[in-house]
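This is input.txt. It holds compact mmCIF, C-alpha atoms.
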# COMPACT_ATOMS: atom_id res chain seq x y z
CA MET A 1023 48.12 7.53 -53.40
CA LYS A 1024 49.28 4.58 -51.39
CA TYR A 1025 49.42 4.76 -47.55
CA SER A 1026 52.41 3.31 -45.78
CA TYR A 1027 52.66 2.02 -42.20
CA LYS A 1028 54.24 5.31 -41.25
CA ASP A 1029 51.03 7.15 -42.14
CA TYR A 1030 48.68 5.28 -39.76
CA LYS A 1031 51.19 4.30 -37.09
CA HIS A 1032 49.93 7.05 -34.72
CA LEU A 1033 46.34 5.84 -35.06
CA LEU A 1034 47.29 2.32 -34.00
CA ARG A 1035 48.93 3.75 -30.92
CA LEU A 1036 45.75 5.66 -30.15
CA LEU A 1037 43.70 2.49 -30.63
CA ALA A 1038 45.95 0.58 -28.23
CA ILE A 1039 45.51 3.26 -25.55
CA PHE A 1040 41.74 3.22 -26.09
CA LEU A 1041 41.57 -0.56 -25.77
CA LEU A 1042 43.72 -0.40 -22.66
CA GLY A 1043 41.28 2.11 -21.20
CA VAL A 1044 38.34 -0.17 -21.98
CA GLY A 1045 40.19 -3.08 -20.40
CA VAL A 1046 41.02 -1.15 -17.25
CA PHE A 1047 37.38 -0.06 -16.97
CA LEU A 1048 36.06 -3.61 -17.38
CA ILE A 1049 38.46 -5.00 -14.80
CA ALA A 1050 37.78 -2.18 -12.34
CA ARG A 1051 34.06 -2.71 -12.76
CA ALA A 1052 34.37 -6.44 -12.20
CA LEU A 1053 36.53 -5.88 -9.11
CA PHE A 1054 34.44 -3.18 -7.44
CA THR A 1055 30.96 -4.49 -8.25
CA PRO A 1056 29.70 -6.82 -5.47
CA ALA A 1057 29.10 -10.39 -6.64
CA SER A 1058 25.38 -10.24 -5.85
CA PHE A 1059 24.84 -6.96 -7.72
CA GLY A 1060 22.25 -7.37 -10.47
CA GLU A 1061 20.95 -10.64 -9.09
CA PHE A 1062 17.40 -9.30 -8.76
CA GLY A 1063 17.79 -5.82 -10.23
CA HIS A 1064 20.06 -2.81 -10.17
CA TYR A 1065 21.09 -3.30 -6.52
CA ARG A 1066 22.96 -5.69 -4.23
CA GLY A 1067 21.11 -9.00 -4.01
CA ASP A 1068 22.71 -9.59 -0.63
CA SER A 1069 20.97 -6.48 0.68
CA LEU A 1070 17.64 -8.18 0.05
CA ARG A 1071 18.84 -11.19 2.04
CA GLU A 1072 20.08 -8.90 4.83
CA ASN A 1073 16.62 -7.35 5.00
CA MET A 1074 15.12 -10.84 5.16
CA GLY A 1075 17.47 -11.78 7.96
CA PHE A 1076 16.59 -9.04 10.46
CA ALA A 1077 15.54 -10.40 13.83
CA ALA A 1078 11.84 -10.49 14.63
CA GLU A 1079 10.27 -9.66 18.01
CA TYR A 1080 6.63 -10.63 17.51
CA ALA A 1081 5.81 -14.34 17.44
CA GLY A 1082 2.27 -14.33 16.04
CA MET A 1083 -0.79 -15.85 17.67
CA ALA A 1084 -0.12 -19.41 16.45
CA ALA A 1085 3.00 -19.56 18.63
CA CYS A 1086 1.05 -18.51 21.76
CA LYS A 1087 -1.66 -21.10 21.11
CA LYS A 1088 0.85 -23.96 21.34
CA CYS A 1089 1.25 -23.58 25.12
CA HIS A 1090 -1.65 -21.34 26.16
CA GLU A 1091 -4.46 -23.19 24.41
CA ALA A 1092 -7.04 -22.77 27.20
CA VAL A 1093 -6.82 -19.01 27.33
CA TYR A 1094 -6.65 -18.89 23.53
CA THR A 1095 -9.90 -20.82 23.23
CA LYS A 1096 -11.54 -18.63 25.86
CA LYS A 1097 -10.49 -15.48 24.06
CA SER A 1098 -11.49 -16.73 20.62
CA LYS A 1099 -15.09 -17.06 21.80
CA SER A 1100 -15.16 -13.64 23.45
CA LYS A 1101 -15.61 -10.08 22.22
CA HIS A 1102 -11.84 -9.85 22.10
CA LYS A 1103 -11.56 -12.67 19.55
CA GLY A 1104 -10.05 -10.39 16.91
CA LEU A 1105 -7.18 -9.35 19.15
CA SER A 1106 -3.76 -10.88 18.86
CA CYS A 1107 -2.23 -11.90 22.21
CA GLU A 1108 0.70 -9.59 21.53
CA THR A 1109 -1.55 -6.54 21.12
CA CYS A 1110 -1.75 -6.35 24.92
CA HIS A 1111 1.10 -8.61 26.08
CA GLY A 1112 3.76 -7.12 23.81
CA PRO A 1113 6.38 -8.88 21.67
CA ALA A 1114 6.72 -12.54 22.64
CA LEU A 1115 8.99 -14.27 20.15
CA ARG A 1116 11.84 -14.60 22.64
CA HIS A 1117 9.40 -15.86 25.27
CA SER A 1118 8.03 -18.44 22.83
CA LEU A 1119 11.55 -19.73 22.12
CA GLU A 1120 12.73 -19.75 25.74
CA PRO A 1121 9.62 -19.68 27.92
CA LYS A 1122 11.44 -20.10 31.22
CA LYS A 1123 14.19 -17.57 30.66
CA GLU A 1124 12.34 -14.83 28.80
CA LYS A 1125 9.24 -13.70 30.65
CA ILE A 1126 6.69 -11.31 29.24
CA VAL A 1127 5.35 -8.60 31.46
CA LYS A 1128 1.71 -8.89 32.47
CA PRO A 1129 0.11 -5.70 31.18
CA GLY A 1130 -1.72 -3.44 33.61
CA SER A 1131 -5.24 -2.33 32.74
CA LYS A 1132 -4.41 1.35 33.33
CA ASP A 1133 -1.94 1.38 30.46
CA LEU A 1134 -4.01 -0.44 27.90
CA CYS A 1135 -7.81 -0.48 28.20
CA HIS A 1136 -8.24 3.26 27.69
CA LEU A 1137 -6.21 3.24 24.45
CA CYS A 1138 -9.10 1.56 22.64
CA HIS A 1139 -12.08 2.13 24.93
CA SER A 1140 -11.85 5.73 26.17
CA ILE A 1141 -14.46 8.12 24.81
CA ASN A 1142 -13.18 9.96 21.78
CA SER A 1143 -15.28 12.10 19.49
CA VAL A 1144 -13.15 11.07 16.51
CA ARG A 1145 -13.56 7.35 17.25
CA ARG A 1146 -16.34 5.59 15.35
CA LYS A 1147 -19.64 5.43 17.22
CA ASP A 1148 -20.17 1.66 16.91
CA PHE A 1149 -17.04 0.90 18.93
CA PRO A 1150 -17.62 0.32 22.68
CA GLN A 1151 -16.36 3.37 24.61
CA VAL A 1152 -16.31 4.11 28.33
CA ASP A 1153 -15.98 7.43 30.14
CA PHE A 1154 -13.08 6.51 32.43
CA LYS A 1155 -13.68 9.63 34.56
CA LYS A 1156 -17.21 8.53 35.49
CA HIS A 1157 -17.05 4.72 35.30
CA ASN A 1158 -15.41 3.69 38.61
CA PRO A 1159 -12.49 6.13 38.38
CA GLY A 1160 -9.23 4.85 39.85
CA GLU A 1161 -10.41 1.24 39.89
CA ASP A 1162 -8.50 -1.53 38.17
CA CYS A 1163 -10.56 -2.58 35.15
CA LEU A 1164 -9.49 -6.19 35.67
CA ALA A 1165 -11.14 -6.24 39.12
CA CYS A 1166 -14.50 -6.62 37.32
CA HIS A 1167 -13.67 -7.35 33.68
CA ASP A 1168 -11.74 -10.32 32.34
CA SER A 1169 -9.66 -9.06 29.44
CA HIS A 1170 -9.77 -12.52 27.82
CA ASP A 1171 -13.55 -12.56 28.01
CA PRO A 1172 -14.79 -8.99 28.55
CA LEU A 1173 -18.38 -8.00 29.57
CA MET B 1214 65.79 -3.58 -22.03
CA LYS B 1215 63.95 -6.75 -22.98
CA TYR B 1216 60.86 -5.19 -24.55
CA ASN B 1217 60.51 -1.97 -26.39
CA ARG B 1218 57.47 0.19 -25.68
CA LYS B 1219 55.41 -1.17 -28.56
CA GLU B 1220 55.99 -4.82 -27.67
CA PHE B 1221 55.22 -4.15 -24.02
CA LEU B 1222 51.94 -2.42 -24.84
CA LYS B 1223 50.93 -5.27 -27.16
CA ILE B 1224 51.50 -7.94 -24.51
CA ALA B 1225 50.02 -5.91 -21.69
CA GLY B 1226 46.97 -5.13 -23.81
CA LYS B 1227 46.38 -8.82 -24.50
CA PHE B 1228 46.57 -9.68 -20.81
CA VAL B 1229 44.21 -6.90 -19.87
CA LEU B 1230 41.65 -7.92 -22.48
CA ILE B 1231 41.78 -11.62 -21.69
CA GLY B 1232 41.57 -10.94 -17.94
CA GLY B 1233 38.68 -8.53 -18.39
CA PHE B 1234 36.64 -10.86 -20.58
CA ALA B 1235 37.26 -13.79 -18.28
CA LYS B 1236 35.97 -11.78 -15.33
CA ILE B 1237 32.86 -10.69 -17.26
CA LEU B 1238 32.15 -14.26 -18.35
CA LYS B 1239 32.51 -15.42 -14.78
CA ALA B 1240 30.16 -12.70 -13.55
CA ASN B 1241 27.59 -13.59 -16.22
CA LYS B 1242 27.76 -17.27 -15.35
CA LEU B 1243 27.23 -16.34 -11.71
CA PHE B 1244 24.30 -14.17 -12.71
CA ALA B 1245 22.73 -16.97 -14.75
CA ALA B 1246 23.21 -19.41 -11.89
CA VAL B 1247 21.42 -17.34 -9.24
CA ALA B 1248 18.78 -15.46 -11.23
CA GLY B 1249 15.36 -17.06 -10.93
CA LYS B 1250 16.31 -19.02 -7.85
CA PRO B 1251 14.37 -18.38 -4.66
CA VAL B 1252 16.20 -16.57 -1.86
CA ASN B 1253 15.36 -19.22 0.66
CA LYS B 1254 13.87 -22.61 0.04
CA GLU B 1255 10.39 -21.91 1.33
CA TYR B 1256 9.95 -18.41 -0.08
CA ASP B 1257 9.40 -17.96 -3.82
CA ILE B 1258 10.12 -14.33 -4.58
CA LYS B 1259 8.68 -14.52 -8.10
CA SER B 1260 5.22 -15.76 -7.18
CA ASN B 1261 4.67 -12.95 -4.66
CA LEU B 1262 3.69 -9.31 -5.02
CA TRP B 1263 2.92 -7.66 -1.72
CA GLY B 1264 -0.03 -5.35 -1.34
CA TYR B 1265 -1.40 -3.74 1.80
CA GLY B 1266 -4.86 -2.53 2.65
CA ILE B 1267 -5.96 0.01 5.27
CA ASP B 1268 -9.61 0.29 6.30
CA ILE B 1269 -10.06 3.86 7.56
CA SER B 1270 -13.63 3.15 8.63
CA LYS B 1271 -12.38 0.50 11.07
CA CYS B 1272 -9.41 2.31 12.68
CA ILE B 1273 -10.04 3.40 16.26
CA GLY B 1274 -6.74 5.24 16.77
CA CYS B 1275 -5.35 3.06 19.57
CA GLY B 1276 -1.83 3.35 18.18
CA ARG B 1277 -0.91 -0.30 18.89
CA CYS B 1278 0.49 -0.55 15.34
CA VAL B 1279 2.87 2.35 15.96
CA ASP B 1280 4.02 0.79 19.22
CA ALA B 1281 4.48 -2.68 17.68
CA CYS B 1282 6.35 -1.29 14.68
CA LYS B 1283 8.80 0.56 16.90
CA LYS B 1284 9.43 -2.55 19.01
CA GLU B 1285 9.74 -4.90 16.04
CA ASN B 1286 12.04 -2.75 13.94
CA ASN B 1287 14.10 -0.93 16.60
CA VAL B 1288 12.72 2.43 15.54
CA PRO B 1289 14.03 5.13 17.93
CA LYS B 1290 11.51 6.08 20.63
CA GLU B 1291 11.74 9.84 20.00
CA PRO B 1292 8.47 11.24 18.67
CA PHE B 1293 9.75 12.13 15.22
CA PHE B 1294 10.94 8.75 14.01
CA PHE B 1295 8.19 6.56 12.60
CA ARG B 1296 7.84 3.75 10.11
CA THR B 1297 4.12 3.90 10.65
CA TRP B 1298 1.99 6.52 12.38
CA VAL B 1299 -1.69 7.38 12.80
CA GLU B 1300 -3.14 10.77 11.85
CA ARG B 1301 -6.32 12.23 13.29
CA TYR B 1302 -8.56 14.20 10.94
CA GLY B 1303 -11.32 16.46 12.12
CA ILE B 1304 -13.39 18.47 9.62
CA LEU B 1305 -15.30 21.40 11.13
CA GLU B 1306 -18.64 22.79 9.99
CA ASN B 1307 -16.95 25.71 8.25
CA GLY B 1308 -14.91 23.26 6.17
CA GLU B 1309 -11.70 23.71 8.12
CA VAL B 1310 -9.60 20.54 8.16
CA LYS B 1311 -7.66 19.81 11.33
CA VAL B 1312 -4.93 17.18 11.20
CA ASP B 1313 -2.63 16.09 13.98
CA SER B 1314 -0.66 13.09 15.10
CA PRO B 1315 0.63 13.52 18.67
CA ASN B 1316 3.66 11.21 19.00
CA GLY B 1317 2.43 9.43 15.89
CA GLY B 1318 -0.53 8.14 17.86
CA LEU B 1319 1.76 5.91 19.94
CA ASN B 1320 0.09 6.86 23.24
CA GLY B 1321 -3.40 6.93 21.77
CA PHE B 1322 -5.43 10.10 21.31
CA THR B 1323 -7.00 12.41 23.90
CA ASP B 1324 -10.56 13.60 23.32
CA LYS B 1325 -9.34 16.91 21.93
CA TYR B 1326 -12.40 17.68 19.81
CA LYS B 1327 -15.09 16.94 22.43
CA ASP B 1328 -16.33 20.55 22.46
CA GLU B 1329 -16.08 21.07 18.71
CA LYS B 1330 -18.74 20.14 16.21
CA LEU B 1331 -17.10 17.86 13.69
CA VAL B 1332 -18.90 17.02 10.47
CA LYS B 1333 -16.37 14.35 9.56
CA LYS B 1334 -13.69 12.64 11.52
CA TYR B 1335 -11.38 9.68 11.10
CA PHE B 1336 -8.08 8.14 12.04
CA VAL B 1337 -5.79 7.50 9.11
CA PRO B 1338 -2.88 5.07 9.55
CA LYS B 1339 0.08 5.82 7.30
CA ILE B 1340 3.07 3.78 6.16
CA CYS B 1341 5.46 3.68 3.20
CA ASN B 1342 3.31 3.30 0.11
CA HIS B 1343 5.66 0.84 -1.60
CA CYS B 1344 5.09 2.64 -4.89
CA GLU B 1345 5.36 0.94 -8.25
CA HIS B 1346 7.24 4.06 -9.40
CA PRO B 1347 9.01 5.17 -6.22
CA PRO B 1348 10.54 8.68 -6.34
CA CYS B 1349 12.91 7.73 -3.50
CA VAL B 1350 14.52 5.00 -5.60
CA GLN B 1351 14.88 7.33 -8.55
CA VAL B 1352 16.77 10.01 -6.62
CA CYS B 1353 19.15 7.80 -4.60
CA PRO B 1354 22.64 8.70 -5.84
CA VAL B 1355 24.24 5.41 -4.74
CA GLY B 1356 21.53 2.87 -5.59
CA ALA B 1357 20.97 2.09 -1.91
CA THR B 1358 17.19 1.90 -2.14
CA TYR B 1359 15.33 -0.35 -4.52
CA THR B 1360 12.13 -2.22 -5.22
CA THR B 1361 12.32 -5.98 -4.79
CA PRO B 1362 10.77 -8.35 -7.39
CA ASP B 1363 7.94 -8.94 -4.89
CA GLY B 1364 7.10 -5.25 -4.78
CA VAL B 1365 8.65 -3.99 -1.53
CA THR B 1366 10.82 -0.88 -1.38
CA LEU B 1367 13.85 -1.55 0.81
CA VAL B 1368 17.02 0.22 1.96
CA ASP B 1369 20.53 -1.19 1.60
CA ARG B 1370 22.06 -0.12 4.92
CA LYS B 1371 25.61 -0.86 3.73
CA TYR B 1372 25.32 1.31 0.63
CA CYS B 1373 23.28 4.19 2.06
CA ILE B 1374 25.44 7.25 2.67
CA GLY B 1375 22.76 9.12 4.64
CA CYS B 1376 22.44 12.03 2.21
CA ARG B 1377 18.68 12.36 2.96
CA TYR B 1378 17.80 12.89 -0.71
CA CYS B 1379 15.19 10.10 -0.58
CA ILE B 1380 13.64 11.60 2.56
CA GLN B 1381 13.07 14.83 0.62
CA ALA B 1382 11.79 12.99 -2.45
CA CYS B 1383 9.17 10.84 -0.71
CA PRO B 1384 5.80 12.58 -1.21
CA TYR B 1385 4.33 10.65 1.73
CA GLY B 1386 6.91 11.58 4.37
CA ALA B 1387 7.50 7.90 5.00
CA ARG B 1388 11.29 8.07 5.54
CA TYR B 1389 13.56 9.35 8.29
CA LEU B 1390 17.28 9.31 8.96
CA HIS B 1391 18.09 6.77 11.64
CA PRO B 1392 19.96 8.74 14.33
CA LYS B 1393 22.21 5.84 15.34
CA LEU B 1394 22.77 3.97 12.08
CA HIS B 1395 22.98 7.20 10.03
CA VAL B 1396 21.10 5.59 7.15
CA ALA B 1397 17.65 6.23 5.73
CA ASP B 1398 15.03 4.04 7.37
CA LYS B 1399 11.45 3.28 6.42
CA CYS B 1400 8.69 0.69 6.51
CA SER B 1401 9.88 -2.55 4.95
CA LEU B 1402 6.45 -4.20 5.24
CA CYS B 1403 8.38 -6.23 7.84
CA TYR B 1404 10.22 -7.96 5.00
CA HIS B 1405 11.94 -10.24 7.51
CA ARG B 1406 8.49 -11.42 8.65
CA ILE B 1407 6.41 -11.64 5.47
CA THR B 1408 9.09 -13.72 3.74
CA LYS B 1409 8.84 -16.23 6.61
CA GLY B 1410 5.06 -16.48 6.57
CA LEU B 1411 4.50 -14.13 9.51
CA LEU B 1412 2.34 -11.02 9.41
CA PRO B 1413 3.92 -7.56 9.66
CA ALA B 1414 3.95 -6.45 13.32
CA CYS B 1415 1.35 -3.71 12.71
CA VAL B 1416 -1.06 -6.15 11.03
CA GLU B 1417 -0.49 -8.73 13.77
CA VAL B 1418 -1.44 -6.40 16.61
CA CYS B 1419 -4.25 -4.35 15.02
CA PRO B 1420 -7.26 -5.09 17.27
CA VAL B 1421 -9.91 -4.13 14.69
CA LYS B 1422 -8.32 -5.69 11.57
CA ALA B 1423 -7.98 -2.29 9.93
CA ARG B 1424 -4.73 -3.43 8.31
CA ILE B 1425 -4.56 -6.21 5.75
CA VAL B 1426 -1.56 -7.61 3.91
CA GLY B 1427 -1.30 -10.21 1.19
CA ASN B 1428 -0.09 -11.45 -2.15
CA LEU B 1429 -1.58 -9.53 -5.09
CA LYS B 1430 -0.69 -12.42 -7.42
CA ASP B 1431 -2.86 -14.84 -5.44
CA PRO B 1432 -6.56 -14.38 -6.33
CA ASN B 1433 -7.63 -15.88 -2.98
CA SER B 1434 -5.43 -13.74 -0.75
CA GLU B 1435 -6.80 -11.44 1.96
CA ILE B 1436 -5.68 -8.35 0.08
CA LYS B 1437 -7.32 -9.44 -3.19
CA LYS B 1438 -10.60 -10.07 -1.36
CA PHE B 1439 -10.26 -6.64 0.28
CA LEU B 1440 -9.64 -4.95 -3.09
CA ASN B 1441 -12.51 -6.75 -4.79
CA ALA B 1442 -15.07 -6.20 -2.05
CA ASN B 1443 -14.48 -2.49 -1.40
CA ASP B 1444 -14.14 0.89 -3.07
CA ILE B 1445 -10.42 1.59 -2.99
CA GLN B 1446 -8.32 4.72 -3.30
CA VAL B 1447 -4.60 5.41 -2.96
CA LEU B 1448 -2.83 8.46 -1.52
CA LYS B 1449 -1.92 11.25 -3.98
CA PRO B 1450 -2.83 9.33 -7.14
CA HIS B 1451 -2.09 12.40 -9.28
CA LEU B 1452 1.63 11.96 -8.63
CA GLY B 1453 1.73 8.77 -10.67
CA THR B 1454 3.70 6.89 -8.03
CA LYS B 1455 1.19 4.00 -8.11
CA PRO B 1456 1.14 3.09 -4.41
CA LYS B 1457 0.49 -0.48 -3.30
CA ILE B 1458 -1.09 0.69 -0.03
CA TYR B 1459 -4.83 0.66 -0.70
CA TYR B 1460 -7.26 2.65 1.42
CA LYS B 1461 -10.90 1.88 2.02
CA GLY B 1462 -13.08 4.78 3.15
CA MET B 1463 -10.73 7.46 1.88
CA ASP B 1464 -12.21 10.96 1.90
CA LYS B 1465 -11.05 13.78 -0.35
CA GLU B 1466 -9.64 15.69 2.63
CA ILE B 1467 -7.03 13.00 3.32
CA PHE B 1468 -3.64 13.74 1.84
Would you mind writing the structure in this file as structure tokens?
Amino acid sequence: MKYSYKDYKHLLRLLAIFLLGVGVFLIARALFTPASFGEFGHYRGDSLRENMGFAAEYAGMAACKKCHEAVYTKKSKSKHKGLSCETCHGPALRHSLEPKKEKIVKPGSKDLCHLCHSINSVRRKDFPQVDFKKHNPGEDCLACHDSHDPL
Amino acid sequence: MKYNRKEFLKIAGKFVLIGGFAKILKANKLFAAVAGKPVNKEYDIKSNLWGYGIDISKCIGCGRCVDACKKENNVPKEPFFFRTWVERYGILENGEVKVDSPNGGLNGFTDKYKDEKLVKKYFVPKICNHCEHPPCVQVCPVGATYTTPDGVTLVDRKYCIGCRYCIQACPYGARYLHPKLHVADKCSLCYHRITKGLLPACVEVCPVKARIVGNLKDPNSEIKKFLNANDIQVLKPHLGTKPKIYYKGMDKEIF
């Protein structure tokens, strides 16, 4: 039996609709997918760059050393040599960029010293701890101790 | 009418196909052009794989890391939003395990256990574990969280719809919903810092060097030395998430 055009005409129509559907899908996908999608993986590559671009607050010790070399040298020979400047002084990136405009607050001893050095039964024994209730209570620690060169 | 239905469909179909293929080709060319290129000139994303070490035996529970993290990453000050926090463990003689983390350790810790007899005690800093197989990435319905080629799990703030699914999925409780941005937020290992050669804020301020970060692909990096020199464990290894936060001095009570 021989098939004529009339016999498969309806299938061609179906094929055309199917191809149209595929075409619409491909175009829609190309339009709605962000350009950077798939650059590094199954996500927006630009998102990675956005995460890289967030503003920082902490400058790092190298930035402090540039201007405050004397106190840096003093501290790096002391028991506090492991401490970063910003551990006590707080975030200083803005100050390092505009030293005159952006001032950092001088930390008070009452807020900081006890965080590390108060007696705590959970704290490891080899770390220097002081009973702040017995050791000159109410006094400013900095009256006797230099935080850049303690003891 | 100029065209009958059949002719119209034929022509329209051709246009659609040609247009579609052209767009795909263009996208592929774009893909080929950018793939393998570094994101910025100094930072080579392919030669880095970030790992992070925490030395429990060193931590003194001062909470400076929690404070620095909140200041660096604009984490809300309320006591239930943390990218990093410090837990206090106290194990009593009868085997009872007491765990707490008042305000995440931000204000330090009071001497709560001074009258108790503790057989074991330690401070345990916690952050996102930047898993090799992160459950949070798997469950995100919109692909808004992902692992970068250099091994950091990040959130796409523009794509995140704030459905909180990832917060539920994280076995380490490392995520929270940002109350102002209405997107999931978590430790990014300070991605904006480590890609510029700076240390993460928590590592920068830690006074006892209990936190270490570095490139796992570099055999001479701080983290590699830390891993080679010490006995290392990860949190909840049975889950198969393969964390890249490595703990030294981890006891079986820590979860």
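If you count all atoms listed in the file and ignore residues fewer than 5 places along the chain from His1451 (chain B), what sits within 12 Å of it is B:Pro1384, B:Gln1446, B:Pro1456, B:Phe1468.
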For the interface of chain B with chain A (cut-off 7 Å, counting all atoms listed in the file), please tabulate each contacting residue of chain B alongside its nearest pair of atoms and their separation in Å to one decimal, rows sorted by chain and increasing number, as a Markdown table.
| residue | atom | partner | partner_atom | distance |
| --- | --- | --- | --- | --- |
| B:Gly1226 | CA | A:Leu1042 | CA | 5.9 |
| B:Val1229 | CA | A:Gly1045 | CA | 5.6 |
| B:Leu1230 | CA | A:Gly1045 | CA | 5.5 |
| B:Gly1233 | CA | A:Ile1049 | CA | 5.0 |
| B:Lys1236 | CA | A:Ala1052 | CA | 6.4 |
| B:Ile1237 | CA | A:Ala1052 | CA | 6.8 |
| B:Phe1244 | CA | A:Glu1061 | CA | 6.1 |
| B:Val1247 | CA | A:Glu1061 | CA | 6.7 |
| B:Ala1248 | CA | A:Glu1061 | CA | 5.7 |
| B:Ile1273 | CA | A:Arg1145 | CA | 5.4 |
| B:Cys1275 | CA | A:Leu1137 | CA | 5.0 |
| B:Arg1277 | CA | A:Thr1109 | CA | 6.7 |
| B:Glu1285 | CA | A:Glu1079 | CA | 5.2 |
| B:Gly1321 | CA | A:Leu1137 | CA | 5.4 |
| B:Thr1323 | CA | A:Asn1142 | CA | 7.0 |
| B:Asp1324 | CA | A:Asn1142 | CA | 4.7 |
| B:Tyr1326 | CA | A:Ser1143 | CA | 6.3 |
| B:Lys1327 | CA | A:Ser1143 | CA | 5.7 |
| B:Lys1334 | CA | A:Val1144 | CA | 5.3 |
| B:Tyr1335 | CA | A:Val1144 | CA | 5.9 |
| B:Gly1356 | CA | A:Tyr1065 | CA | 6.3 |
| B:Tyr1359 | CA | A:Tyr1065 | CA | 6.8 |
| B:Pro1362 | CA | A:Phe1062 | CA | 6.8 |
| B:Asp1369 | CA | A:Ser1069 | CA | 5.4 |
| B:Tyr1404 | CA | A:Met1074 | CA | 5.7 |
| B:His1405 | CA | A:Met1074 | CA | 4.0 |
| B:Arg1406 | CA | A:Ala1078 | CA | 6.9 |
| B:Thr1408 | CA | A:Met1074 | CA | 6.8 |
| B:Leu1411 | CA | A:Gly1082 | CA | 6.9 |
| B:Ala1414 | CA | A:Tyr1080 | CA | 6.5 |
| B:Glu1417 | CA | A:Ser1106 | CA | 6.4 |
| B:Val1418 | CA | A:Thr1109 | CA | 4.5 |
| B:Pro1420 | CA | A:Leu1105 | CA | 4.7 |
| B:Val1421 | CA | A:Gly1104 | CA | 6.6 |
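Across the structure, CA of Ala1387 (chain B) and CA of Asn1433 (chain B) are spaced 29.3 Å apart.
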Inset, instruction - Give me the residues within 12 Å of region 1295-1298 of chain B as number ranges by chain, counting all atoms listed in the file and dropping any in the same chain fewer than 5 places off. - result: B: 1274-1290, 1313-1321, 1336-1342, 1385-1391, 1397-1403, 1413-1416, 1424
Legend entry - Atomic separation - CA of Leu1115 (chain A) relative to CA of Lys1087 (chain A), Å: 12.7 Å
Sphere at (-6.2, -1.7, 2.1), radius 10 Å, counting all atoms listed in the file: residues as a PDB file with C-alpha atoms, in the frame of the given file:
ATOM      1  CA  GLY B1264      -0.030  -5.350  -1.340  1.00  0.00           C
ATOM      2  CA  TYR B1265      -1.400  -3.740   1.800  1.00  0.00           C
ATOM      3  CA  GLY B1266      -4.860  -2.530   2.650  1.00  0.00           C
ATOM      4  CA  ILE B1267      -5.960   0.010   5.270  1.00  0.00           C
ATOM      5  CA  ASP B1268      -9.610   0.290   6.300  1.00  0.00           C
ATOM      6  CA  ILE B1269     -10.060   3.860   7.560  1.00  0.00           C
ATOM      7  CA  ALA B1423      -7.980  -2.290   9.930  1.00  0.00           C
ATOM      8  CA  ARG B1424      -4.730  -3.430   8.310  1.00  0.00           C
ATOM      9  CA  ILE B1425      -4.560  -6.210   5.750  1.00  0.00           C
ATOM     10  CA  VAL B1426      -1.560  -7.610   3.910  1.00  0.00           C
ATOM     11  CA  GLY B1427      -1.300 -10.210   1.190  1.00  0.00           C
ATOM     12  CA  GLU B1435      -6.800 -11.440   1.960  1.00  0.00           C
ATOM     13  CA  ILE B1436      -5.680  -8.350   0.080  1.00  0.00           C
ATOM     14  CA  LYS B1437      -7.320  -9.440  -3.190  1.00  0.00           C
ATOM     15  CA  PHE B1439     -10.260  -6.640   0.280  1.00  0.00           C
ATOM     16  CA  LEU B1440      -9.640  -4.950  -3.090  1.00  0.00           C
ATOM     17  CA  ASN B1443     -14.480  -2.490  -1.400  1.00  0.00           C
ATOM     18  CA  ASP B1444     -14.140   0.890  -3.070  1.00  0.00           C
ATOM     19  CA  ILE B1445     -10.420   1.590  -2.990  1.00  0.00           C
ATOM     20  CA  GLN B1446      -8.320   4.720  -3.300  1.00  0.00           C
ATOM     21  CA  VAL B1447      -4.600   5.410  -2.960  1.00  0.00           C
ATOM     22  CA  LYS B1457       0.490  -0.480  -3.300  1.00  0.00           C
ATOM     23  CA  ILE B1458      -1.090   0.690  -0.030  1.00  0.00           C
ATOM     24  CA  TYR B1459      -4.830   0.660  -0.700  1.00  0.00           C
ATOM     25  CA  TYR B1460      -7.260   2.650   1.420  1.00  0.00           C
ATOM     26  CA  LYS B1461     -10.900   1.880   2.020  1.00  0.00           C
ATOM     27  CA  GLY B1462     -13.080   4.780   3.150  1.00  0.00           C
TER      28      GLY B1462
END
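CA of Lys1311 (chain B) lies 11.1 Å from CA of Lys1325 (chain B).
Nearest-residue note for Lys1333 (chain B): choosing from B:Tyr1302, B:Phe1293, B:Phe1221, B:Tyr1216, the minimum distance belongs to B:Tyr1302, counting all atoms listed in the file.
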Enclosing box along x, y and z for every listed atom of region 1415-1418 of chain B, padded 8 Å each side, centre and size in Å, one decimal, as JSON:
{"center_x": 0.0, "center_y": -6.2, "center_z": 13.8, "size_x": 18.8, "size_y": 21.0, "size_z": 21.6}
